[in-house]
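Containing compact mmCIF, C-alpha atoms: structure_8.txt.
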# COMPACT_ATOMS: atom_id res chain seq x y z
CA MET A 1 99.26 88.89 88.58
CA PRO A 2 99.71 85.14 88.01
CA ALA A 3 98.54 82.77 90.70
CA THR A 4 102.08 81.51 91.10
CA PHE A 5 103.38 84.95 92.09
CA ASP A 6 105.52 84.87 95.18
CA SER A 7 106.91 88.02 96.70
CA ILE A 8 110.59 88.07 97.47
CA TYR A 9 110.14 90.41 100.45
CA PRO A 10 109.03 87.78 103.00
CA ASP A 11 112.08 85.69 102.11
CA PHE A 12 114.26 88.78 102.45
CA LEU A 13 112.73 89.46 105.86
CA ARG A 14 113.19 85.85 107.01
CA SER A 15 116.76 85.66 105.74
CA GLY A 16 117.59 89.02 107.29
CA LEU A 17 116.15 87.99 110.65
CA GLY A 18 118.05 84.71 110.53
CA LYS A 19 121.30 86.45 109.71
CA MET A 20 120.86 89.09 112.41
CA HIS A 21 119.97 86.41 114.93
CA THR A 22 123.13 84.51 114.08
CA LEU A 23 125.24 87.63 114.45
CA GLY A 24 123.46 88.78 117.62
CA LEU A 25 122.31 92.04 116.04
CA GLY A 26 118.86 92.23 117.61
CA GLN A 27 119.27 95.89 118.46
CA GLU A 28 119.68 96.69 114.75
CA LEU A 29 116.29 95.30 113.79
CA SER A 30 114.85 98.64 112.69
CA GLY A 31 117.61 98.79 110.05
CA LEU A 32 116.25 95.62 108.44
CA PHE A 33 112.81 97.18 108.06
CA THR A 34 114.37 100.34 106.61
CA ALA A 35 116.34 98.23 104.13
CA LEU A 36 113.16 96.41 103.18
CA GLU A 37 111.38 99.69 102.54
CA HIS A 38 114.29 100.89 100.37
CA PHE A 39 114.29 97.55 98.56
CA ARG A 40 110.60 97.89 97.77
CA ARG A 41 110.94 101.54 96.75
CA ASP A 42 113.87 100.84 94.42
CA MET A 43 112.08 97.85 92.94
CA HIS A 44 109.01 99.94 92.09
CA GLU A 45 111.20 102.28 90.07
CA GLN A 46 112.29 99.50 87.72
CA ASP A 47 110.61 98.82 84.43
CA SER A 48 112.76 95.98 83.08
CA ALA A 49 113.69 92.48 84.17
CA THR A 50 117.35 93.47 84.18
CA GLY A 51 116.64 96.44 86.45
CA ILE A 52 114.62 94.27 88.83
CA LEU A 53 117.41 91.72 89.00
CA LYS A 54 120.08 94.35 89.60
CA VAL A 55 118.12 95.82 92.52
CA THR A 56 117.45 92.34 93.90
CA ASP A 57 121.11 91.43 93.54
CA HIS A 58 122.12 94.58 95.41
CA TYR A 59 119.85 94.02 98.39
CA ILE A 60 120.40 90.26 98.63
CA ALA A 61 124.15 90.90 98.55
CA GLY A 62 123.65 93.25 101.51
CA LEU A 63 122.55 90.31 103.62
CA HIS A 64 125.93 88.61 103.05
CA LEU A 65 124.28 85.25 102.66
CA PHE A 66 125.99 83.99 99.52
CA ALA A 67 129.44 84.11 98.04
CA ARG A 68 127.98 84.12 94.53
CA GLN A 69 124.63 85.01 93.08
CA ALA A 70 123.21 84.16 89.68
CA PHE A 71 119.94 85.18 88.08
CA TYR A 72 118.36 83.45 85.15
CA LEU A 73 115.51 84.51 82.89
CA VAL A 74 113.16 81.69 82.02
CA ASN A 75 111.24 81.50 78.77
CA PRO A 76 107.76 80.22 79.69
CA GLU A 77 107.26 78.85 76.17
CA ASP A 78 109.79 76.08 76.46
CA PHE A 79 111.25 76.66 79.94
CA SER A 80 114.66 77.30 78.47
CA PHE A 81 116.67 79.81 80.45
CA GLY A 82 119.68 82.00 80.15
CA LEU A 83 121.96 83.73 82.59
CA GLU A 84 121.02 87.37 83.00
CA LEU A 85 123.11 88.56 85.89
CA CYS A 86 125.94 87.07 87.87
CA THR A 87 128.03 88.37 90.75
CA PRO A 88 130.94 88.50 90.99
CA LYS A 89 131.12 89.42 87.31
CA GLU A 90 134.36 87.49 86.91
CA ASP A 91 132.40 84.26 87.30
CA HIS A 92 130.23 85.20 84.38
CA LEU A 93 133.18 86.08 82.17
CA ALA A 94 135.03 82.96 83.12
CA GLY A 95 132.06 80.79 82.33
CA ASN A 96 131.65 79.77 85.94
CA ALA A 97 128.01 80.76 85.78
CA HIS A 98 127.31 77.61 83.81
CA ARG A 99 128.59 75.57 86.72
CA MET A 100 126.71 77.75 89.21
CA LYS A 101 123.46 76.77 87.51
CA ASN A 102 123.82 73.28 88.90
CA ALA A 103 125.37 74.20 92.22
CA PRO A 104 123.66 73.38 95.52
CA CYS A 105 121.01 75.89 96.54
CA THR A 106 122.80 76.52 99.80
CA ASP A 107 125.68 78.04 97.89
CA ILE A 108 123.90 80.21 95.38
CA PHE A 109 120.84 82.41 95.56
CA ARG A 110 118.95 81.92 92.33
CA ILE A 111 115.87 83.76 91.14
CA ASP A 112 114.06 82.72 88.01
CA VAL A 113 112.17 85.60 86.46
CA TYR A 114 109.45 84.50 84.10
CA GLN A 115 109.55 86.79 81.11
CA HIS A 116 106.26 87.17 79.30
CA GLY A 117 105.80 87.72 75.59
CA MET B 1 77.25 99.20 105.95
CA HIS B 2 78.07 102.50 104.31
CA THR B 3 76.08 105.40 105.66
CA GLY B 4 76.68 107.49 102.57
CA VAL B 5 77.68 110.54 104.55
CA THR B 6 80.23 112.59 102.69
CA VAL B 7 82.51 115.12 104.27
CA ASP B 8 83.29 118.03 101.96
CA CYS B 9 87.04 118.08 101.43
CA GLY B 10 86.79 121.35 99.53
CA ALA B 11 86.19 123.20 102.75
CA ALA B 12 89.12 125.18 104.11
CA MET B 13 89.11 123.26 107.36
CA PRO B 14 89.31 119.46 107.33
CA PRO B 15 86.63 117.68 109.35
CA SER B 16 87.23 116.98 113.00
CA ILE B 17 87.68 113.45 114.27
CA GLN B 18 84.37 113.68 116.06
CA LYS B 19 82.60 114.67 112.84
CA LEU B 20 84.17 111.75 111.01
CA ILE B 21 83.03 109.16 113.52
CA ALA B 22 79.65 110.75 114.27
CA ASP B 23 77.83 108.86 111.53
CA VAL B 24 79.53 105.50 111.91
CA PRO B 25 76.90 103.15 113.33
CA ARG B 26 77.55 101.44 116.62
CA ALA B 27 79.17 98.16 115.69
CA LEU B 28 76.10 95.98 116.09
CA GLY B 29 76.41 94.24 112.74
CA SER B 30 74.54 91.06 112.00
CA TYR B 31 75.58 89.41 115.28
CA GLY B 32 74.32 92.27 117.44
CA PRO B 33 71.21 90.47 118.70
CA ILE B 34 73.23 87.35 119.59
CA LEU B 35 75.80 89.40 121.48
CA GLN B 36 73.03 91.13 123.39
CA GLU B 37 71.46 87.79 124.27
CA VAL B 38 74.81 86.39 125.40
CA GLU B 39 75.24 89.39 127.69
CA GLU B 40 71.79 88.82 129.15
CA VAL B 41 72.57 85.15 129.80
CA LEU B 42 75.86 86.08 131.45
CA ALA B 43 74.09 88.56 133.69
CA ASP B 44 72.04 85.68 135.09
CA PRO B 45 73.94 84.06 137.99
CA GLN B 46 72.16 80.76 137.26
CA SER B 47 73.53 80.57 133.70
CA SER B 48 76.20 78.13 132.54
CA LEU B 49 78.36 77.48 129.48
CA ILE B 50 75.54 75.32 128.13
CA HIS B 51 73.19 78.31 128.20
CA VAL B 52 75.75 80.49 126.40
CA GLY B 53 76.33 77.72 123.87
CA ALA B 54 72.58 77.37 123.29
CA VAL B 55 72.28 81.07 122.47
CA ILE B 56 75.16 80.96 119.99
CA GLU B 57 73.88 77.74 118.41
CA LYS B 58 70.72 79.57 117.38
CA ASP B 59 72.85 81.06 114.64
CA PRO B 60 74.19 78.29 112.38
CA ASP B 61 76.66 80.59 110.62
CA LEU B 62 78.17 81.81 113.88
CA THR B 63 78.25 78.26 115.22
CA ALA B 64 80.11 77.03 112.15
CA ARG B 65 82.60 79.92 112.34
CA LEU B 66 83.30 79.37 116.01
CA LEU B 67 83.86 75.64 115.61
CA ARG B 68 86.07 76.14 112.55
CA LEU B 69 88.18 78.68 114.42
CA GLY B 70 88.33 76.47 117.51
CA ASN B 71 89.48 73.52 115.41
CA SER B 72 92.00 75.50 113.35
CA ALA B 73 95.73 76.06 113.79
CA PHE B 74 94.84 79.38 115.43
CA TYR B 75 94.15 77.54 118.68
CA GLY B 76 95.77 74.21 117.97
CA PHE B 77 93.73 72.32 120.56
CA PRO B 78 94.79 68.66 120.71
CA SER B 79 91.25 67.26 120.44
CA ARG B 80 88.46 68.19 118.07
CA LEU B 81 85.75 70.52 119.37
CA GLU B 82 82.27 69.20 118.61
CA THR B 83 79.95 71.67 120.35
CA VAL B 84 79.81 75.40 120.91
CA SER B 85 79.75 74.81 124.67
CA GLU B 86 83.08 73.00 124.39
CA ALA B 87 84.46 75.85 122.30
CA VAL B 88 83.25 78.49 124.74
CA GLY B 89 84.67 76.48 127.63
CA LEU B 90 88.10 76.19 126.08
CA ILE B 91 88.37 79.57 124.39
CA GLY B 92 86.63 81.50 127.18
CA ILE B 93 83.37 83.44 127.26
CA GLN B 94 84.99 86.87 127.13
CA GLN B 95 87.22 85.79 124.28
CA VAL B 96 84.27 84.44 122.31
CA GLN B 97 82.44 87.72 122.86
CA ASP B 98 85.50 89.57 121.59
CA LEU B 99 85.66 87.43 118.47
CA ILE B 100 81.95 87.90 117.73
CA SER B 101 82.33 91.62 118.35
CA ALA B 102 85.24 91.75 115.89
CA SER B 103 83.10 90.04 113.25
CA ASN B 104 80.49 92.73 113.82
CA VAL B 105 82.97 95.50 113.15
CA MET B 106 83.92 93.80 109.90
CA ASP B 107 80.24 93.84 108.91
CA THR B 108 79.97 97.52 109.77
CA PHE B 109 82.52 98.51 107.13
CA SER B 110 81.52 96.12 104.39
CA GLY B 111 80.48 98.92 102.02
CA VAL B 112 83.79 100.75 101.53
CA ASN B 113 84.49 101.80 97.93
CA PRO B 114 86.95 99.28 96.41
CA ASP B 115 88.66 102.16 94.57
CA PHE B 116 90.32 103.05 97.89
CA VAL B 117 91.18 99.63 99.12
CA ASN B 118 90.41 96.02 98.29
CA MET B 119 88.49 94.98 101.38
CA GLU B 120 89.65 91.39 101.25
CA SER B 121 93.22 92.65 101.17
CA PHE B 122 92.46 95.12 103.98
CA TRP B 123 91.05 92.41 106.24
CA ARG B 124 93.82 89.97 105.31
CA HIS B 125 96.32 92.55 106.54
CA SER B 126 94.25 93.21 109.66
CA LEU B 127 93.66 89.54 110.47
CA ALA B 128 97.36 88.77 109.98
CA CYS B 129 98.22 91.66 112.30
CA GLY B 130 95.75 90.26 114.84
CA ILE B 131 97.27 86.78 114.61
CA GLY B 132 100.77 88.19 115.04
CA ALA B 133 99.74 90.40 117.96
CA ARG B 134 98.11 87.44 119.71
CA ILE B 135 101.22 85.28 119.25
CA LEU B 136 103.50 88.02 120.56
CA ALA B 137 101.15 88.61 123.51
CA ILE B 138 101.30 84.91 124.39
CA GLU B 139 105.10 85.08 124.10
CA LYS B 140 105.15 88.05 126.49
CA ARG B 141 102.71 86.22 128.79
CA MET B 142 100.19 89.04 128.57
CA PRO B 143 96.73 88.34 130.01
CA LYS B 144 93.81 87.78 127.61
CA PRO B 145 95.72 87.34 124.36
CA GLU B 146 92.44 87.36 122.37
CA LYS B 147 92.25 91.08 123.12
CA PHE B 148 95.43 91.48 121.11
CA PHE B 149 93.87 89.66 118.20
CA VAL B 150 91.01 92.17 118.26
CA ALA B 151 93.44 95.10 118.64
CA GLY B 152 95.40 93.89 115.62
CA LEU B 153 92.22 93.31 113.68
CA LEU B 154 91.01 96.85 114.38
CA HIS B 155 94.31 98.74 114.35
CA ASP B 156 93.53 100.42 111.01
CA ALA B 157 89.78 100.83 111.58
CA GLY B 158 90.30 104.61 111.50
CA ARG B 159 91.27 104.28 107.87
CA LEU B 160 87.94 102.60 107.13
CA VAL B 161 86.17 105.53 108.78
CA LEU B 162 88.07 107.83 106.47
CA PHE B 163 87.30 105.77 103.36
CA SER B 164 83.61 105.43 104.21
CA GLN B 165 82.83 108.83 105.74
CA ALA B 166 85.12 111.16 103.78
CA PRO B 167 85.87 109.48 100.45
CA GLN B 168 86.92 112.71 98.69
CA LEU B 169 89.33 113.54 101.45
CA ALA B 170 90.68 109.99 101.38
CA GLU B 171 91.33 110.38 97.66
CA VAL B 172 93.31 113.57 98.24
CA ILE B 173 95.36 111.84 100.93
CA MET B 174 96.10 108.79 98.83
CA GLU B 175 97.14 110.90 95.86
CA ARG B 176 99.44 112.96 98.03
CA ALA B 177 101.04 109.86 99.49
CA GLN B 178 101.58 108.38 96.05
CA GLN B 179 102.92 111.56 94.44
CA ASN B 180 105.30 112.34 97.29
CA ARG B 181 106.18 108.68 97.97
CA MET B 182 105.36 109.14 101.59
CA LEU B 183 103.73 106.99 104.23
CA LEU B 184 99.95 107.19 104.05
CA ARG B 185 99.71 108.20 107.69
CA ASP B 186 102.12 111.10 107.10
CA ALA B 187 99.89 112.26 104.24
CA GLU B 188 96.88 111.94 106.56
CA THR B 189 98.56 114.17 109.12
CA GLU B 190 99.57 116.72 106.50
CA VAL B 191 96.06 116.96 105.10
CA MET B 192 93.92 116.57 108.24
CA GLY B 193 96.21 117.37 111.14
CA PHE B 194 95.65 113.87 112.57
CA ASP B 195 95.99 110.31 111.33
CA HIS B 196 93.95 107.11 111.11
CA ALA B 197 95.26 105.87 114.46
CA GLN B 198 93.67 108.85 116.19
CA ILE B 199 90.41 108.29 114.32
CA GLY B 200 90.50 104.62 115.36
CA GLU B 201 91.15 105.65 118.96
CA ALA B 202 88.11 107.94 118.99
CA LEU B 203 85.94 105.32 117.28
CA LEU B 204 86.80 102.50 119.69
CA ARG B 205 86.44 104.83 122.67
CA SER B 206 82.97 105.80 121.46
CA TRP B 207 82.16 102.08 121.24
CA ALA B 208 83.30 101.67 124.86
CA TYR B 209 86.16 99.28 124.06
CA PRO B 210 88.52 98.68 126.98
CA PRO B 211 91.26 101.30 127.43
CA ASN B 212 94.18 98.91 126.79
CA LEU B 213 92.75 98.02 123.40
CA VAL B 214 92.00 101.68 122.59
CA GLN B 215 95.56 102.69 123.51
CA ALA B 216 97.07 99.86 121.47
CA VAL B 217 95.20 101.09 118.39
CA ALA B 218 95.92 104.76 119.13
CA ASN B 219 99.66 104.23 119.46
CA HIS B 220 100.33 101.41 117.03
CA HIS B 221 102.75 103.58 115.04
CA HIS B 222 104.60 105.10 118.00
CA PRO B 223 104.22 102.90 121.08
CA GLN B 224 106.86 104.86 122.94
CA SER B 225 104.48 107.84 123.02
CA ALA B 226 101.69 105.97 124.80
CA ASP B 227 100.88 107.33 128.26
CA ALA B 228 99.77 103.88 129.35
CA TYR B 229 99.64 100.38 127.92
CA LYS B 230 102.95 100.83 126.12
CA MET B 231 103.46 97.07 125.90
CA GLU B 232 100.09 96.56 124.22
CA ALA B 233 100.88 99.30 121.70
CA ALA B 234 104.37 97.89 121.07
CA ILE B 235 102.97 94.43 120.36
CA VAL B 236 100.48 95.72 117.78
CA HIS B 237 103.19 97.98 116.30
CA LEU B 238 105.63 95.12 115.82
CA SER B 239 102.96 92.84 114.37
CA ASP B 240 101.86 95.57 111.94
CA CYS B 241 105.47 96.06 110.79
CA LEU B 242 105.97 92.32 110.31
CA VAL B 243 102.76 91.90 108.35
CA ASN B 244 103.54 94.89 106.14
CA ALA B 245 106.99 93.46 105.50
CA MET B 246 105.46 90.07 104.66
CA GLU B 247 103.07 91.77 102.21
CA LEU B 248 100.10 89.95 103.68
CA GLY B 249 97.29 92.14 102.38
CA SER B 250 97.28 95.90 102.61
CA SER B 251 95.29 98.59 104.36
CA GLY B 252 96.15 101.05 101.62
CA GLU B 253 99.74 101.64 102.73
CA HIS B 254 102.29 100.95 100.01
CA HIS B 255 105.39 101.37 102.15
CA VAL B 256 106.90 99.42 105.01
CA PRO B 257 106.28 101.57 108.09
CA PRO B 258 109.45 102.13 110.11
CA LEU B 259 109.95 99.92 113.15
CA GLN B 260 110.31 102.10 116.23
CA ALA B 261 113.54 101.06 117.95
CA ARG B 262 112.20 102.00 121.39
CA GLY B 263 109.11 99.90 120.86
CA TRP B 264 111.29 96.95 119.94
CA GLN B 265 113.50 97.52 122.99
CA LEU B 266 110.44 97.68 125.19
CA LEU B 267 109.35 94.23 124.06
CA ASN B 268 112.77 92.77 124.83
CA LEU B 269 112.31 89.80 122.51
CA GLU B 270 114.83 87.53 120.85
CA LEU B 271 114.98 87.64 117.05
CA ASN B 272 114.12 83.95 116.79
CA VAL B 273 110.73 84.81 118.31
CA LEU B 274 110.05 86.95 115.24
CA GLU B 275 111.02 84.12 112.95
CA SER B 276 108.61 81.76 114.70
CA THR B 277 105.93 84.48 114.74
CA ILE B 278 106.24 84.91 110.98
CA ASN B 279 105.96 81.16 110.47
CA ALA B 280 102.90 80.97 112.75
CA ILE B 281 101.20 83.85 110.92
CA ASP B 282 101.83 82.02 107.66
CA GLU B 283 100.37 78.81 109.12
CA GLN B 284 97.26 80.43 110.54
CA ILE B 285 96.25 83.17 108.14
CA GLU B 286 94.40 81.01 105.61
CA ALA B 287 92.30 79.27 108.27
CA VAL B 288 91.49 82.53 110.07
CA GLN B 289 90.68 84.28 106.81
CA GLU B 290 88.39 81.39 105.91
CA VAL B 291 86.54 81.79 109.20
CA PHE B 292 86.19 85.56 109.14
CA LEU B 293 85.87 86.35 105.45
CA ARG B 294 84.67 83.37 103.44
CA SER B 295 81.50 82.58 105.35
CA LYS B 296 80.05 86.08 105.57
CA ARG B 297 76.37 85.64 105.19
CA ASN B 298 75.59 89.01 103.64

This entry written out as structure tokens:
Amino acid sequence: MPATFDSIYPDFLRSGLGKMHTLGLGQELSGLFTALEHFRRDMHEQDSATGILKVTDHYIAGLHLFARQAFYLVNPEDFSFGLELCTPKEDHLAGNAHRMKNAPCTDIFRIDVYQHG
Amino acid sequence: MHTGVTVDCGAAMPPSIQKLIADVPRALGSYGPILQEVEEVLADPQSSLIHVGAVIEKDPDLTARLLRLGNSAFYGFPSRLETVSEAVGLIGIQQVQDLISASNVMDTFSGVNPDFVNMESFWRHSLACGIGARILAIEKRMPKPEKFFVAGLLHDAGRLVLFSQAPQLAEVIMERAQQNRMLLRDAETEVMGFDHAQIGEALLRSWAYPPNLVQAVANHHHPQSADAYKMEAAIVHLSDCLVNAMELGSSGEHHVPPLQARGWQLLNLELNVLESTINAIDEQIEAVQEVFLRSKRN
């Protein structure tokens, strides 16, 4: 595992806690831990970058944090990157994903997956 | 140390808890003589903090650890501690004894086969749980928050007993958990009829740890079931869940254990307390790990 590896789960936990706090859903806390366990379980079943991103997209969307989400795969050779997954799909088809790439971080949840080889 | 005792998992009946803990040495570890001397000094009504400090200062490694911990974010004292006597005065004699005692337990299980669990990862999980438990105890204004650090640190000690005393059985349990994608403690119960929390309870009781700490360890997965010390158990339970969710080390468990809703209700905390607890664990874990793991002299 590269030294730069950062797990997404702590961020998911933090974001989930923040969202629940905002909505006053303290009594539902156990549901967040259950979701995290399902997230981890579903992630372990994936064997491709696309699969990992789809699962991530699904669970992040469940937090209702962002109106749009875009995921890019980065080529470590030259740090070029391409859009891999975008929700809603209409944004991708309409070319809005290109604009999303440069959008403020507060608006879009972006994960860069470093693809080896 | 690893005693090398192996429990035969091929037998029809799994070993009893008492058999598992029978060969675990009393947690004297490398600081045993110092602890004993500290107790002797404390028994003397003429003794003072300076006397206690002088005993601890005989051990340069322990002195360095104590000062590093005292000067770290774990305590966050406004001024720098220069002497052990200052540290003992500010942290408290009982608390210092607890911390030394916890270091001893870590020494006791230093020989666990890494095939079962990476010990650095195990202790990272345990230390993080201890940090979280201490922060939550302070938040709940519980007396002697250092006890909660020790409870968090030792909450999975029963698993170390299993790994060290019954390695074949541990292998069976881990395989079952992996194949059936189940919680490790559920696999423990299926195979042995009891889980690591019950082993930890018996171990700490045999070491004469205080009952609140024993109950916190015994019920850290189901605090609502505790006959007494429910709050202590709920604090360790919540901290364990948080640390598992944060993926800070691992005690061999690959899943996020479910948070018990009744335990959470019992604590009656605001969600923003959890956010600040997570941040504090993140801030303190490296310093605490440095103190407890990096400077081991053996």

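The environment of range 32-45 of chain A within 9 Å, counting only C-alpha atoms and disregarding residues fewer than 6 places along the same chain, consists of Tyr9, Phe12, Leu13, Gly16, Leu17, Met20, Gly51, Ile52, Val55, Thr56, His58 and Tyr59 of chain A; Arg181, Cys241, Leu242, Ala245, His255, Val256, Pro257, Pro258 and Leu259 of chain B.
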
Please save C-alpha atoms of the selected residues as a PDB file, in the coordinates of the input.
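File out.pdb, as written:
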ATOM      1  CA  TYR A   9     110.140  90.410 100.450  1.00  0.00           C
ATOM      2  CA  PHE A  12     114.260  88.780 102.450  1.00  0.00           C
ATOM      3  CA  LEU A  13     112.730  89.460 105.860  1.00  0.00           C
ATOM      4  CA  GLY A  16     117.590  89.020 107.290  1.00  0.00           C
ATOM      5  CA  LEU A  17     116.150  87.990 110.650  1.00  0.00           C
ATOM      6  CA  MET A  20     120.860  89.090 112.410  1.00  0.00           C
ATOM      7  CA  GLY A  51     116.640  96.440  86.450  1.00  0.00           C
ATOM      8  CA  ILE A  52     114.620  94.270  88.830  1.00  0.00           C
ATOM      9  CA  VAL A  55     118.120  95.820  92.520  1.00  0.00           C
ATOM     10  CA  THR A  56     117.450  92.340  93.900  1.00  0.00           C
ATOM     11  CA  HIS A  58     122.120  94.580  95.410  1.00  0.00           C
ATOM     12  CA  TYR A  59     119.850  94.020  98.390  1.00  0.00           C
TER      13      TYR A  59
ATOM     14  CA  ARG B 181     106.180 108.680  97.970  1.00  0.00           C
ATOM     15  CA  CYS B 241     105.470  96.060 110.790  1.00  0.00           C
ATOM     16  CA  LEU B 242     105.970  92.320 110.310  1.00  0.00           C
ATOM     17  CA  ALA B 245     106.990  93.460 105.500  1.00  0.00           C
ATOM     18  CA  HIS B 255     105.390 101.370 102.150  1.00  0.00           C
ATOM     19  CA  VAL B 256     106.900  99.420 105.010  1.00  0.00           C
ATOM     20  CA  PRO B 257     106.280 101.570 108.090  1.00  0.00           C
ATOM     21  CA  PRO B 258     109.450 102.130 110.110  1.00  0.00           C
ATOM     22  CA  LEU B 259     109.950  99.920 113.150  1.00  0.00           C
TER      23      LEU B 259
END

Next on the checklist: Select, as a ChimeraX atom specification, those residues of chain B with any atom no more than 10 Å from chain A (distances computed using all atoms listed in the file).
Outcome noted: /B:181,241-248,254-262,264-265,268-276,278-279

Checklist entry - In Å, how far is it from CA of Glu290 in chain B to CA of Tyr75 in chain B? => result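 Computing it gives 14.5 Å between the two atoms.
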
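Atom pair CA of Gln224 in chain B / CA of Val105 in chain B has a distance of 27.5 Å (rounded to one decimal).
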
Next on the checklist: Please return as an MDAnalysis selection string every residue within 7 Å of (84.7, 107.5, 112.2), taking into account only C-alpha atoms and the file's own coordinates.
Outcome noted: chainID B and resid 17 20:22 24 158 161:162 165 199 203

Item to check | Best match for closeness to Ala49 in chain A among A:Leu65, A:Leu85, A:Leu23, A:Ala70, counting all atoms listed in the file | outcome: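 Nearest candidate to Ala49 in chain A out of A:Leu65, A:Leu85, A:Leu23, A:Ala70: A:Leu85.
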
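Reported to one decimal place, the separation of CA of Leu204 in chain B from CA of Pro145 in chain B is 18.2 Å.
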
Item to check | Polymer residues at most 10 Å from Pro88 in chain A, all atoms listed in the file, same-chain spacing of 6 or more positions, as a PyMOL selection string | outcome: chain A and resi 67-70+97

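For Val41 in chain B, the list of residues within 9 Å, based on all atoms listed in the file and with local chain neighbours fewer than 5 positions off taken out, reads Gln36, Gln46, Ser47, Ser48, His51, Val52 and Val55 of chain B.
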
Okay, now the selection with C-alpha atoms, as an mmCIF file, keeping the file's coordinate frame?
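Dumped to again-v9.cif:
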data_model
loop_
_atom_site.group_PDB
_atom_site.id
_atom_site.type_symbol
_atom_site.label_atom_id
_atom_site.label_comp_id
_atom_site.auth_asym_id
_atom_site.auth_seq_id
_atom_site.Cartn_x
_atom_site.Cartn_y
_atom_site.Cartn_z
ATOM 1 C CA GLN B 36 73.030 91.130 123.390
ATOM 2 C CA GLN B 46 72.160 80.760 137.260
ATOM 3 C CA SER B 47 73.530 80.570 133.700
ATOM 4 C CA SER B 48 76.200 78.130 132.540
ATOM 5 C CA HIS B 51 73.190 78.310 128.200
ATOM 6 C CA VAL B 52 75.750 80.490 126.400
ATOM 7 C CA VAL B 55 72.280 81.070 122.470
#

Next on the checklist: So, with all atoms listed in the file as the atoms that count, which of B:Pro78, B:Gly32, B:Pro60, B:Gly263 lies closest to Met231 in chain B?
Outcome noted: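 Ranking B:Pro78, B:Gly32, B:Pro60, B:Gly263 by distance to Met231 in chain B, first place goes to B:Gly263.
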
Checklist entry - Between A:Leu53, A:Val74, A:Gln46, A:His64, which has the minimum distance to Cys86 in chain A (counting only C-alpha atoms)? => result A:Leu53

Next on the checklist: Using all atoms listed in the file, can you tell me which of B:Leu183, B:Ala177, B:Leu127, B:Val288 comes closest to Arg68 in chain B?
Outcome noted: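 Result for the nearest residue to Arg68 in chain B: B:Val288.
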
Checklist entry - Any idea what's packed within 10 Å of Gly53 in chain B, counting all atoms listed in the file, ignoring anything in its chain fewer than 4 positions away? Could you give it as a ChimeraX atom specification? => result /B:38,48-49,57-58,63,83-89,93
